[in-house]
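Quick notes on the structure that follows.
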Amino acid sequence: MSIVIGGLAQFFLYTVAAFAAQNAVFGRSLGITSIVQMVEDPDRDSVLFCLLLTLVQLISAPLCWAANLAMAPLSLRVVLRPLTFFVISALVMGAVSLLCRRLFKGARGEKMARMLPPATFNTCVLGTLLICAVQSFNLSQYLGFALGSGVGYFVSVLLVMEGHRKIDRRSVPASFRGMPVMLIYIGILALAVYGFTGHGLAI
Amino acid sequence: MTKRVKAAIPRREDAAVYTDLLWMTLPLLAFSTYLYGPRCLTLYGVALVTANLCDRLVALLRRRPFESREFSNEAFAAMLMMLMPASVSYYVVVVSVVALVLVGKEAFGGYGAYIFHPTAVGYALAAISWPEQVCRYPQPFNYLPLIMTEEPTGLSESVFATLRSNGIPNVSALNLFLGNYAGPMGASAVMILAAAALYLRVRRRLSLRALGGFWGTYILLFWIMPRLGGIPLSMPWEYLPERLEALIYELLGGSVLFAGVFLLCDPYTVPKHPLSRLLFGIMLAIFTLFYSYYGSYEAGVCFAFLFANCVSGWVDRMVIRHGPGRGRKEARA
Amino acid sequence: MNPEKAKYLAENMELRSRTDRLWLNNPVVMQGLGLAPLVVAATTGRNALILAMAVALLLTPTRLAGALLGGVLPRRFSIFYYAGVACLLYIPIYYACLEVFGVGIRQVGIYLPLLVMDQLTIRRYAQEKAEKPLRALRRGIAITVGYGMVLLLVGFLREFLAAGTLLDEPVLSVRLFPLAAQPAGGFLLVGAICAAWRGCIRWYKKHVNMEAKRGV
């Protein structure tokens, strides 16, 4: 019982840590290219994208934990990790795609299936799984970090989109319009997040 | 030869806000000069000159006329100086002011288009880059030379640093009230800050709702969760003298009083709708609490401002869509 | 500028703006690719060199392999063969970087393996049609050089500003801008570099158009 409670406590602690202090976007710049492209593309459903990303990340987390554990005795584990995590993510993506097509018939299911590859194969998902592996997290830490990272990514997307909405493009100097001013906006938010941690995050 | 007539640049409607803010830093500057010496004057002067030069440079680069009667950059720089210690180097002042103007304001489009309060941006940047200079303060009446050739000695941490480590500050309530303790240049003169707040309110620069929301929530939260060492987790009506002592330290011991008056006057980073302003003030107090407890830097309120500024437009929209008085014309966010 | 040259440049400006991966359509400055390693890991000149070597060995072969496989396999599996090839290529690339830079490659942390999943490496999978191999080779090399240029610029600049050194050799005794070593500073610097670069491009295009009109 105490193991379960301890595990749950670790799960919540790592969820909050990944969401706030170790934010994937503002602390480690993971998935930043996708965010910059998302804000420029009004047709892209950012909520659905973040939901799929979090789902894939969360389902992949325990499988990657098990794979990392199995690879621990190997001397080649460092170079095999990206390939292993890629294969696991691909399998999870396939499963989620089938599930989406079954549960949501028609255009919605197709839309979700089309959005899955970019939501799966990006630096946020692989980066989160690699951080968990490199820092030797246990299962509950893996799950908590994966969930917190996904939720943190979603909140970051909302904040960046809010900034995009607020920025008055007519006033911004021509050279700063688009990506440069968004990077400066994200940089200032990263300053605010750094105010919590007070030190750089381990990479 | 035809004489080219320079067209008069129309004065911006709310430019007087920044003039008032700039004027209100002068009594604080006078008091800080009394406490920390003439170095405060030179630091202030360097900050204003840097801000003005940046303004001229941007006007040149953007091929716009330089607006000599618009003092927003100077006001932001002056407010930044009030948050700094008197021992900070001139280089840090120059870099912070340049960042404040170019990154905090002009990159987003300049006057009226910035999203984050430029003073908060400049302070955050300086505190993270040079914490050993920005977060350590000289003792009052220990006048520092105008030009320092080596690292100043006798610097100490602020009251907030002691509170953050669950300690009990060694400053009496009277000294706190009089500003006779090691702290930021302009943040310790309580009476002058109160008078400035009154003046800014009379001039309608300061929103009562934002001010009330922030201070009401701040006092309530720190009453319920005091940071003073020795007060265990308890009900709000227990340990009353200790809670009061802790609250006095929280209100008077750092930059919160200054930031909670001056930074709330900005017309472009605070929401427009009256209810939004109240919610903004409440949100700011909650973020300040988080930074005070879990943050790594002194003026957590400046970092809290950055977060609150980025969601102020969202707060405005939510209030207009779902709040009382729906159907009225949407306020410009 | 020679009026004929100006006229030629002006007439072909749109094409050049799409195909020139070094200046006019740099992958970082104009397309925002490869930002993660640039902002977080490229904090010193040495880190930038490690990442540049990895990108040089990874990007073009991945793109070429993707183009070759794209001609044989169905397009709907494109993500698998682009990312799969990148993950396989990572194995020898890691050892090559280890051989050249030693344990210093640990300074870039997860951002070395992250290159396999970066949009810079695999974005071609999203295109509807497979690329021709020769075009993939040409574009891959151009993007590698364009990205490498910005990577080295950012890495050396951040090291100089944050620590006053270049490749760990002291140049200045003061730290001009310590925040440059942090991700927040990385975002601000990369944003400023992109703005300055785009400003230069705008000036160049305006200059060429003016020269072309003058020559008419």
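Letters A, B, ... go to the chains of the structure tokens in the order shown; residues in each chain start at 1; ligands are counted from 1 in the same order.
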Taking only C-alpha atoms into account, produce a table as JSON lines in which each residue of chain A with an atom at most 10 Å from an atom of chain B appears once, together with its shortest atom pair and the distance in Å to one decimal, ordered by chain and rising number.
{"residue": "A:Ala21", "atom": "CA", "partner": "B:Gly295", "partner_atom": "CA", "distance": 9.8}
{"residue": "A:Leu158", "atom": "CA", "partner": "B:Val311", "partner_atom": "CA", "distance": 9.8}
{"residue": "A:Leu159", "atom": "CA", "partner": "B:Cys310", "partner_atom": "CA", "distance": 7.1}
{"residue": "A:Val160", "atom": "CA", "partner": "B:Cys310", "partner_atom": "CA", "distance": 8.9}
{"residue": "A:Glu162", "atom": "CA", "partner": "B:Trp314", "partner_atom": "CA", "distance": 7.2}
{"residue": "A:Gly163", "atom": "CA", "partner": "B:Cys310", "partner_atom": "CA", "distance": 6.6}
{"residue": "A:Arg165", "atom": "CA", "partner": "B:Gly313", "partner_atom": "CA", "distance": 8.8}
{"residue": "A:Lys166", "atom": "CA", "partner": "B:Gly313", "partner_atom": "CA", "distance": 7.1}
{"residue": "A:Ile167", "atom": "CA", "partner": "B:Phe108", "partner_atom": "CA", "distance": 6.7}
{"residue": "A:Asp168", "atom": "CA", "partner": "B:Ala113", "partner_atom": "CA", "distance": 6.4}
{"residue": "A:Arg169", "atom": "CA", "partner": "B:Gly109", "partner_atom": "CA", "distance": 7.9}
{"residue": "A:Arg170", "atom": "CA", "partner": "B:Gly109", "partner_atom": "CA", "distance": 7.9}
{"residue": "A:Ser171", "atom": "CA", "partner": "B:Gly109", "partner_atom": "CA", "distance": 4.4}
{"residue": "A:Val172", "atom": "CA", "partner": "B:Gly109", "partner_atom": "CA", "distance": 3.9}
{"residue": "A:Pro173", "atom": "CA", "partner": "B:Gly109", "partner_atom": "CA", "distance": 6.1}
{"residue": "A:Ala174", "atom": "CA", "partner": "B:Arg62", "partner_atom": "CA", "distance": 9.4}
{"residue": "A:Ser175", "atom": "CA", "partner": "B:Ala107", "partner_atom": "CA", "distance": 9.5}
{"residue": "A:Phe176", "atom": "CA", "partner": "B:Ala107", "partner_atom": "CA", "distance": 6.7}
{"residue": "A:Arg177", "atom": "CA", "partner": "B:Phe108", "partner_atom": "CA", "distance": 8.9}
{"residue": "A:Pro180", "atom": "CA", "partner": "B:Ala107", "partner_atom": "CA", "distance": 8.8}
{"residue": "A:Val181", "atom": "CA", "partner": "B:Ala107", "partner_atom": "CA", "distance": 6.5}
{"residue": "A:Met182", "atom": "CA", "partner": "B:Phe108", "partner_atom": "CA", "distance": 9.3}
{"residue": "A:Ile184", "atom": "CA", "partner": "B:Val103", "partner_atom": "CA", "distance": 7.3}
{"residue": "A:Tyr185", "atom": "CA", "partner": "B:Phe108", "partner_atom": "CA", "distance": 8.5}
{"residue": "A:Gly187", "atom": "CA", "partner": "B:Val103", "partner_atom": "CA", "distance": 9.8}
{"residue": "A:Ile188", "atom": "CA", "partner": "B:Val121", "partner_atom": "CA", "distance": 7.1}
{"residue": "A:Leu189", "atom": "CA", "partner": "B:Leu306", "partner_atom": "CA", "distance": 7.0}
{"residue": "A:Ala190", "atom": "CA", "partner": "B:Leu306", "partner_atom": "CA", "distance": 10.0}
{"residue": "A:Leu191", "atom": "CA", "partner": "B:Ala124", "partner_atom": "CA", "distance": 6.8}
{"residue": "A:Ala192", "atom": "CA", "partner": "B:Phe303", "partner_atom": "CA", "distance": 5.2}
{"residue": "A:Val193", "atom": "CA", "partner": "B:Phe303", "partner_atom": "CA", "distance": 8.2}
{"residue": "A:Tyr194", "atom": "CA", "partner": "B:Ile128", "partner_atom": "CA", "distance": 8.0}
{"residue": "A:Gly195", "atom": "CA", "partner": "B:Gly295", "partner_atom": "CA", "distance": 5.7}
{"residue": "A:Phe196", "atom": "CA", "partner": "B:Gly295", "partner_atom": "CA", "distance": 4.0}
{"residue": "A:Thr197", "atom": "CA", "partner": "B:Ser296", "partner_atom": "CA", "distance": 6.3}
{"residue": "A:Gly198", "atom": "CA", "partner": "B:Ser296", "partner_atom": "CA", "distance": 5.1}
{"residue": "A:His199", "atom": "CA", "partner": "B:Ser296", "partner_atom": "CA", "distance": 8.7}
Distance filter 7 Å, only C-alpha atoms, chain C against chain B, as a ChimeraX atom specification: /C:177-179
Residue subset to file, keeping N, CA and C atoms, as a CSV table (one decimal), in the first residue's frame:
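Ended up saving to part17.csv:
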chain,number,residue,atom,x,y,z
C,177,PHE,N,27.0,39.3,-21.3
C,177,PHE,CA,25.6,39.0,-21.2
C,177,PHE,C,25.4,37.6,-20.8
C,178,PRO,N,25.5,37.3,-19.5
C,178,PRO,CA,25.4,36.0,-19.0
C,178,PRO,C,24.2,35.2,-19.3
C,179,LEU,N,23.1,35.9,-19.5
C,179,LEU,CA,21.8,35.2,-19.9
C,179,LEU,C,21.9,34.5,-21.2
Compare B:Tyr239, B:Pro118, B:Val46, B:Cys54 by their minimum atom-to-atom distance to B:Tyr268, counting only C-alpha atoms, and give me the closest one.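 Selected residue with least distance to B:Tyr268: B:Pro118.
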Give me, as CSV, the closest atom pair and its distance (Å, one decimal) for every residue of chain C within a cut-off of 6 Å of chain A, counting only C-alpha atoms, rows sorted by chain and rising number.
residue,atom,partner,partner_atom,distance
C:Ala36,CA,A:Ser29,CA,5.0
C:Cys87,CA,A:Leu83,CA,5.0
C:Ile91,CA,A:Val79,CA,5.2
C:Gly109,CA,A:Ile203,CA,4.9
C:Ile110,CA,A:Ile203,CA,5.9
C:Met117,CA,A:Asn122,CA,5.4
C:Asp118,CA,A:Thr123,CA,5.8
C:Ala184,CA,A:Gly187,CA,4.6
C:Phe187,CA,A:Gly187,CA,4.8
C:Leu188,CA,A:Ile184,CA,5.0
C:Gly191,CA,A:Pro180,CA,4.3
C:Cys194,CA,A:Pro180,CA,5.8
C:Ala195,CA,A:Ser175,CA,4.9
C:Arg198,CA,A:Ser175,CA,5.4
C:Gly199,CA,A:Ser175,CA,4.9
The selected residues should be written to file as an mmCIF file, in the first residue's frame (atoms: N, CA and C atoms).
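File produced: again07.cif:
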data_model
loop_
_atom_site.group_PDB
_atom_site.id
_atom_site.type_symbol
_atom_site.label_atom_id
_atom_site.label_comp_id
_atom_site.auth_asym_id
_atom_site.auth_seq_id
_atom_site.Cartn_x
_atom_site.Cartn_y
_atom_site.Cartn_z
ATOM 1 N N ALA C 36 15.246 23.866 -31.686
ATOM 2 C CA ALA C 36 15.485 23.285 -30.351
ATOM 3 C C ALA C 36 16.981 23.180 -30.021
ATOM 4 N N CYS C 87 17.316 7.409 -37.553
ATOM 5 C CA CYS C 87 17.669 6.709 -36.299
ATOM 6 C C CYS C 87 18.804 5.716 -36.532
ATOM 7 N N ILE C 91 23.529 5.955 -35.252
ATOM 8 C CA ILE C 91 24.460 5.054 -34.554
ATOM 9 C C ILE C 91 25.907 5.338 -34.965
ATOM 10 N N GLY C 109 23.947 16.874 -24.642
ATOM 11 C CA GLY C 109 22.889 16.086 -24.025
ATOM 12 C C GLY C 109 21.982 15.388 -25.023
ATOM 13 N N ILE C 110 20.672 15.526 -24.781
ATOM 14 C CA ILE C 110 19.694 14.824 -25.612
ATOM 15 C C ILE C 110 19.525 15.485 -26.978
ATOM 16 N N MET C 117 14.732 13.438 -35.028
ATOM 17 C CA MET C 117 13.298 13.688 -35.074
ATOM 18 C C MET C 117 12.997 15.166 -35.320
ATOM 19 N N ASP C 118 14.043 15.944 -35.554
ATOM 20 C CA ASP C 118 13.817 17.371 -35.786
ATOM 21 C C ASP C 118 13.248 17.578 -37.183
ATOM 22 N N ALA C 184 16.399 31.055 -22.279
ATOM 23 C CA ALA C 184 15.708 32.339 -22.456
ATOM 24 C C ALA C 184 16.562 33.286 -23.296
ATOM 25 N N PHE C 187 16.578 32.141 -26.942
ATOM 26 C CA PHE C 187 15.391 32.584 -27.687
ATOM 27 C C PHE C 187 15.536 34.038 -28.113
ATOM 28 N N LEU C 188 15.961 34.885 -27.167
ATOM 29 C CA LEU C 188 16.065 36.320 -27.478
ATOM 30 C C LEU C 188 17.116 36.574 -28.545
ATOM 31 N N GLY C 191 16.021 35.185 -31.939
ATOM 32 C CA GLY C 191 14.998 36.102 -32.460
ATOM 33 C C GLY C 191 15.618 37.371 -33.026
ATOM 34 N N CYS C 194 17.515 36.530 -36.277
ATOM 35 C CA CYS C 194 16.558 36.337 -37.382
ATOM 36 C C CYS C 194 16.046 37.685 -37.879
ATOM 37 N N ALA C 195 15.734 38.589 -36.949
ATOM 38 C CA ALA C 195 15.216 39.904 -37.341
ATOM 39 C C ALA C 195 16.272 40.679 -38.120
ATOM 40 N N ARG C 198 16.692 39.065 -41.593
ATOM 41 C CA ARG C 198 15.554 39.392 -42.464
ATOM 42 C C ARG C 198 15.604 40.855 -42.890
ATOM 43 N N GLY C 199 16.055 41.716 -41.977
ATOM 44 C CA GLY C 199 16.206 43.132 -42.325
ATOM 45 C C GLY C 199 17.222 43.314 -43.444
#
Mind the document's chain letters and residue numbers, and return as a PyMOL selection string the residues of chain A that DSSP labels helix (DSSP H, G or I). chain A and resi 2-19+32-40+46-71+77-103+107-120+123-134+139-166+174-176+179-197
